[in-house]
Amino acid sequence: MKKFLITILLFLLPIILLAAIPTAVLIISKENFFKIDEIISSKKKYIIGYVYNEANYIYLKLKYLNLNERKDILALGSSRVLQFRENMFDSSFYNAGYTIVGVSDFKLFLDNVPKQKYPKYMIIGLDQWMFNKKANYYNNNSINSWKNSLNFFPKPESYFNIYKDLITKKYSFITLADNDSINKIGLNAKINNNGFTNDGSMLYGQQINKLLNNDITANDYNYEDTYYEIDRIKNKGRFAYGDSVDNIALLELTELLEFCNLNKIKVIAFFPPFADKVYQKLSENGNYNYLNELSYKIKPLFDKYGFELYNFPTVSSCGSSDSETIDGFHGGEVTYQRILLRMLESGSTLNEVADINRIKKDLLNRKNNYQIYNH
Amino acid sequence: MTLKIILPIGISFYTFHGLSYVIDIYKKKIKPTKNFIEYSVFVSFFPLLVAGPIERATHLLPQIQKKRVFNYSKAVDGLRQILWGLFKKMVIADGCAGYVNMIFNNSSDYNGSTLVLGAILFAFQIYGDFSGYSDIAIGTARLFGIDLLKNFSFPYFSRDIAEFWRRWHISLTSWFKDYIYIPLGGSRGGVWITIRNTFIIFLISGFWHGANWTFIAWGLLNAIYFLPLLVLKRNRNNIEIVAQGKYLPTVKEIFEIISTFVLTTFAWIFFRAENITSAINYISGIFSFSIFTMPEIQPRKLIVLIAIFLVIEWFGREKEFALSNFGLKLPKILRWLLYYIIIFMIMNYCGESQQFIYFQF
């Protein structure tokens, strides 16, 4: 038995030594081995941005809504609603974006929020591909898988990725040191200043800095990654080809709207815009016919309940431009302020909780093409 | 309307496990134990509780009753078996699972060749998942000095369907053989009685997996595969290990192995499908002109991993499990290096974690 135990110990020793550095990185950066419950229920300013534990975001958003007081306005959707900020509204707001993959996820998300915390107004981002069967975003069920699980312990692949990232100098131990007054949790927050702030919206720290400096290492610079997806990945994902709007997704949407109507949640939906150049490429491609059907097939479902639906196929359709986009299918804060402005100008019910004149003034006083407010 | 009954995990395993105790006492193969602890350990021995192997009282109980001494070689080999089981489960089975779910859940959207790929990946998923679990269970038991029954013996290298069933889920197949097939007369009453008994066994096996027509169809299909072998009395042609003592099989053996794999993979479609209609739609999707086009999904990394897996299994096919006593002639440092590589592959190439498929049975 003694020989066996010594052999095991000797065998494991190199593994333990190899694991020591990544474990230190994960602890220092709070990427793992850190519980976020306390910080998200406090009033301290924070940025939570993970690199290896993105699934934690569902936990973060649901936990926030469960632990904190009810919010009047809730933004819900994928990453394409994340630029709506508390500063844009005059009532309490939370952005629960980055939690929704398919249409069925909206109701699943609400099922996991206590009824007394349902918002009065819910802004939902309907990604166009949610209605394309080939995109494979059905029955994703990621909410049920992740709602209660924070990756406290790291996933095995994180250890390899850390070595890879350290060798390629994506970060170093020095960049991990705490030198900011804001609590930064996770490697993305520490290194890139990317992550979710207290209102649930997303800060694109490093990406915006790169765009402002015309740095070609910015993600999706000149929409190259988006073009690649459109040209090369035809059978699955965001840019899968699709002829017509899928009926299952329409049924799921009907179920959601019925549910919101019963629970007195006013729904304000919108199709988030693509960059003009990207939309042009999609149109020229000719294999995305479902995009043309979206508005007229979905609008009647909203009309039935008196809910609002806004179609912004391109950034220019909301008064923005490609120079205000973060990548091929994400507008920046300025774009989203313009979206809100268009909604308010169209007589949206959001006029009850947002001041159109202030929105206009804030837009005029924006910091740059991507940012309006300080965080 | 369907009855939604919550069944305890592993019920079909420990029911059969417990039945063997009662039947073997009835047949006077063993004497009933009067020691409550021994009996409790027998019925609830943790490694095999949820998904087997289905043990026999005659095999397991005497080992529990006997005083055990720690055996270094057995424990180390047990760890090797656990390691190999983890590789099968986490790399092969879980790696296949994502693609299999994607293809089977949206089968109408894919061309024939992608559906073929989906079926093949499911064949590897179920093998990696179930035999992986068995390896982990058997390896864990060996750490305690207990030998459990072998459950898989490289079934995808079988040359006919009879050999496949001698190598697949051995503990269940032999349970059926000993407690149902032989009491029914086995092969002693001529060809027709043998055929009848074989069909009974496969239908029961289908029912054992669940009250769904897909399992019955799967069992029936396997029984039909057996028919020509029984009629021609060739069901015991391939008893020995394929290409024993040789590096490579003959062309004939390769053809036989591939044919058997195709047949079992075809049957697995019924096993995996949600219902009979889905299975039939899946199969009609395969038999279309689109089978001659390139698959729409090309999991290159996974295919390389499966190829590595098959090579290791092939060269280990004459042993208890592929890594059994692996590289004993090599210097320790090289042997350990190979283990580290396997651990690296498990950590780096593991698929998204999935529950063991056989936990539902």
# chains A, B, ... in the order shown; residues from 1 in each chain; ligands from 1
call {"tool": "residues_around", "arguments": {"residues": "Gly85 (chain B)", "least_positions_apart": "3", "cutoff": "10 Å", "atoms": "only C-alpha atoms", "output": "MDAnalysis selection string"}}
result
chainID B and resid 79:82 88:91 128:139 321:323
call {"tool": "write_last_selection", "arguments": {"atoms": "C-alpha atoms", "output": "mmCIF file, in the first residue's frame"}}
result
data_model
loop_
_atom_site.group_PDB
_atom_site.id
_atom_site.type_symbol
_atom_site.label_atom_id
_atom_site.label_comp_id
_atom_site.auth_asym_id
_atom_site.auth_seq_id
_atom_site.Cartn_x
_atom_site.Cartn_y
_atom_site.Cartn_z
ATOM 1 C CA LEU B 79 -5.987 2.832 -12.312
ATOM 2 C CA ARG B 80 -5.000 2.181 -15.931
ATOM 3 C CA GLN B 81 -8.495 0.880 -16.601
ATOM 4 C CA ILE B 82 -10.052 3.950 -14.955
ATOM 5 C CA LYS B 88 -13.518 6.689 -23.709
ATOM 6 C CA LYS B 89 -16.196 8.649 -21.875
ATOM 7 C CA MET B 90 -14.842 12.191 -21.858
ATOM 8 C CA VAL B 91 -13.019 12.321 -25.174
ATOM 9 C CA GLY B 128 -17.344 5.055 -25.425
ATOM 10 C CA ASP B 129 -20.026 6.010 -22.932
ATOM 11 C CA PHE B 130 -21.068 2.570 -21.764
ATOM 12 C CA SER B 131 -17.793 0.699 -22.006
ATOM 13 C CA GLY B 132 -16.082 3.757 -20.502
ATOM 14 C CA TYR B 133 -18.374 3.537 -17.494
ATOM 15 C CA SER B 134 -17.750 -0.208 -17.228
ATOM 16 C CA ASP B 135 -13.981 0.353 -17.299
ATOM 17 C CA ILE B 136 -14.239 2.967 -14.556
ATOM 18 C CA ALA B 137 -16.423 0.650 -12.463
ATOM 19 C CA ILE B 138 -14.211 -2.403 -12.981
ATOM 20 C CA GLY B 139 -11.034 -0.390 -12.366
ATOM 21 C CA PHE B 321 -8.891 -3.822 -21.783
ATOM 22 C CA ALA B 322 -6.813 -1.831 -24.260
ATOM 23 C CA LEU B 323 -4.381 -0.404 -21.701
#
call {"tool": "interface_residues", "arguments": {"of": "chain B", "to": "chain A", "cutoff": "10 Å", "atoms": "only C-alpha atoms", "output": "VMD selection string"}}
result
chain B and resid 69 to 73 75 to 76 79 102 105 to 106 109 to 110 296 to 297 333 336 to 337 339 to 340 343 to 350
call {"tool": "atom_distance", "arguments": {"atom1": "CA of Ile326 (chain A)", "atom2": "CA of Met202 (chain A)"}}
result
11.9 Å
call {"tool": "atom_distance", "arguments": {"atom1": "CA of Lys31 (chain B)", "atom2": "CA of Tyr179 (chain B)"}}
result
17.9 Å
call {"tool": "residues_around", "arguments": {"residues": "Ile372 (chain A)", "least_positions_apart": "4", "cutoff": "12 Å", "atoms": "only C-alpha atoms", "output": "CSV table (one decimal) with N, CA and C atoms, in the first residue's frame"}}
result
chain,number,residue,atom,x,y,z
A,83,GLN,N,-25.8,47.1,-25.1
A,83,GLN,CA,-25.4,48.5,-25.1
A,83,GLN,C,-26.5,49.4,-24.5
A,84,PHE,N,-27.6,48.9,-24.1
A,84,PHE,CA,-28.6,49.7,-23.4
A,84,PHE,C,-28.1,49.8,-22.0
A,85,ARG,N,-28.1,51.1,-21.5
A,85,ARG,CA,-27.5,51.3,-20.2
A,85,ARG,C,-28.5,52.0,-19.3
A,87,ASN,N,-28.1,54.7,-17.6
A,87,ASN,CA,-28.0,56.1,-17.8
A,87,ASN,C,-29.0,56.6,-18.9
A,88,MET,N,-29.5,55.7,-19.8
A,88,MET,CA,-30.4,56.1,-20.8
A,88,MET,C,-31.8,56.3,-20.3
A,203,LEU,N,-19.2,46.6,-21.0
A,203,LEU,CA,-18.2,47.6,-21.4
A,203,LEU,C,-17.2,46.9,-22.3
A,324,GLU,N,-19.9,53.7,-36.2
A,324,GLU,CA,-20.3,53.6,-34.7
A,324,GLU,C,-20.5,52.2,-34.3
A,332,GLY,N,-22.5,50.2,-31.2
A,332,GLY,CA,-21.9,50.7,-29.9
A,332,GLY,C,-23.0,51.4,-29.1
A,333,GLU,N,-22.6,52.0,-28.0
A,333,GLU,CA,-23.5,52.7,-27.1
A,333,GLU,C,-24.2,53.8,-27.9
A,334,VAL,N,-23.5,54.5,-28.8
A,334,VAL,CA,-24.1,55.6,-29.6
A,334,VAL,C,-25.3,55.0,-30.5
A,335,THR,N,-25.0,53.9,-31.1
A,335,THR,CA,-26.0,53.2,-32.0
A,335,THR,C,-27.2,52.9,-31.2
A,336,TYR,N,-27.0,52.4,-30.0
A,336,TYR,CA,-28.2,52.0,-29.2
A,336,TYR,C,-28.9,53.2,-28.6
A,337,GLN,N,-28.2,54.2,-28.4
A,337,GLN,CA,-28.9,55.5,-28.0
A,337,GLN,C,-29.8,56.0,-29.1
A,338,ARG,N,-29.3,55.8,-30.3
A,338,ARG,CA,-30.1,56.2,-31.5
A,338,ARG,C,-31.3,55.3,-31.7
A,359,ILE,N,-32.0,62.4,-24.0
A,359,ILE,CA,-31.4,61.4,-24.9
A,359,ILE,C,-30.7,62.2,-26.1
A,360,LYS,N,-31.4,63.1,-26.6
A,360,LYS,CA,-30.8,63.9,-27.7
A,360,LYS,C,-29.6,64.7,-27.3
A,361,LYS,N,-29.8,65.3,-26.1
A,361,LYS,CA,-28.7,66.1,-25.6
A,361,LYS,C,-27.4,65.3,-25.3
A,362,ASP,N,-27.7,64.1,-24.7
A,362,ASP,CA,-26.6,63.2,-24.4
A,362,ASP,C,-25.9,62.7,-25.7
A,363,LEU,N,-26.7,62.5,-26.7
A,363,LEU,CA,-26.1,62.1,-28.0
A,363,LEU,C,-25.2,63.2,-28.6
A,364,LEU,N,-25.6,64.4,-28.4
A,364,LEU,CA,-24.8,65.5,-28.9
A,364,LEU,C,-23.5,65.7,-28.2
A,365,ASN,N,-23.6,65.4,-26.9
A,365,ASN,CA,-22.4,65.5,-26.0
A,365,ASN,C,-21.6,64.2,-25.9
A,366,ARG,N,-21.7,63.3,-26.8
A,366,ARG,CA,-21.1,62.0,-26.7
A,366,ARG,C,-19.6,62.2,-26.7
A,367,LYS,N,-18.9,61.2,-26.0
A,367,LYS,CA,-17.5,61.2,-25.9
A,367,LYS,C,-16.7,61.0,-27.2
A,368,ASN,N,-17.3,60.0,-27.9
A,368,ASN,CA,-16.7,59.6,-29.2
A,368,ASN,C,-17.8,58.8,-30.0
call {"tool": "residues_around", "arguments": {"residues": "Leu184 (chain B)", "least_positions_apart": "6", "cutoff": "12 Å", "atoms": "only C-alpha atoms", "output": "JSON, numbers by chain"}}
result
{"B": [176, 177, 178, 193, 194, 195, 196, 197, 198, 199, 200, 201]}
call {"tool": "residues_around", "arguments": {"residues": "Pro313 (chain A)", "least_positions_apart": "3", "cutoff": "9 Å", "atoms": "only C-alpha atoms", "output": "PyMOL selection string"}}
result
chain A and resi 128+271-276+279+291+316-318
call {"tool": "write_last_selection", "arguments": {"atoms": "C-alpha atoms", "output": "mmCIF file, in the first residue's frame"}}
result
data_model
loop_
_atom_site.group_PDB
_atom_site.id
_atom_site.type_symbol
_atom_site.label_atom_id
_atom_site.label_comp_id
_atom_site.auth_asym_id
_atom_site.auth_seq_id
_atom_site.Cartn_x
_atom_site.Cartn_y
_atom_site.Cartn_z
ATOM 1 C CA GLN A 128 -32.661 37.647 -36.882
ATOM 2 C CA PHE A 271 -34.385 43.507 -34.590
ATOM 3 C CA PRO A 272 -30.829 44.634 -33.793
ATOM 4 C CA PRO A 273 -29.037 46.199 -36.738
ATOM 5 C CA PHE A 274 -26.176 44.831 -38.809
ATOM 6 C CA ALA A 275 -23.451 47.130 -40.038
ATOM 7 C CA ASP A 276 -24.551 48.584 -43.387
ATOM 8 C CA TYR A 279 -26.276 43.801 -44.465
ATOM 9 C CA LEU A 291 -34.528 38.124 -43.397
ATOM 10 C CA SER A 316 -28.291 53.513 -40.871
ATOM 11 C CA SER A 317 -31.956 52.579 -40.420
ATOM 12 C CA CYS A 318 -31.682 53.878 -36.855
#
call {"tool": "select_by_dssp", "arguments": {"residues": "region 52-290 of chain B", "states": "alpha helix (DSSP H)", "output": "count of residues only"}}
result
153
call {"tool": "residues_around", "arguments": {"residues": "Val267 (chain A)", "least_positions_apart": "6", "cutoff": "12 Å", "atoms": "only C-alpha atoms", "output": "tab-separated table (two decimals) with C-alpha atoms, in the first residue's frame"}}
result
chain	number	residue	atom	x	y	z
A	73	ILE	CA	-37.08	48.18	-17.20
A	74	LEU	CA	-35.36	44.99	-18.25
A	75	ALA	CA	-33.36	44.51	-21.44
A	76	LEU	CA	-33.26	40.87	-22.47
A	106	PHE	CA	-36.82	34.32	-23.26
A	118	TYR	CA	-40.98	41.03	-13.28
A	119	PRO	CA	-40.30	44.39	-14.94
A	120	LYS	CA	-42.95	46.79	-16.15
A	121	TYR	CA	-41.17	47.28	-19.49
A	122	MET	CA	-39.14	44.65	-21.24
A	123	ILE	CA	-36.92	45.51	-24.20
A	124	ILE	CA	-36.15	42.35	-26.14
A	125	GLY	CA	-33.60	41.97	-28.90
A	126	LEU	CA	-34.78	39.50	-31.53
A	253	LEU	CA	-42.60	33.93	-29.65
A	256	LEU	CA	-43.70	34.51	-24.81
A	257	LEU	CA	-45.96	37.41	-25.76
A	258	GLU	CA	-48.99	35.67	-24.27
A	259	PHE	CA	-47.02	35.13	-21.08
A	260	CYS	CA	-45.91	38.78	-20.92
A	261	ASN	CA	-49.46	39.96	-21.56
A	301	LEU	CA	-48.04	38.77	-33.30
A	302	PHE	CA	-47.07	42.00	-31.54
A	303	ASP	CA	-50.05	43.92	-32.84
A	305	TYR	CA	-51.27	42.43	-27.78
A	306	GLY	CA	-50.51	46.07	-28.55
A	307	PHE	CA	-46.78	45.43	-28.07
A	308	GLU	CA	-44.12	47.25	-30.06
A	309	LEU	CA	-41.78	45.86	-32.70
A	310	TYR	CA	-39.07	47.89	-34.41
A	348	SER	CA	-42.99	54.16	-27.78
A	349	THR	CA	-44.37	53.44	-24.34
A	350	LEU	CA	-40.77	53.89	-23.19
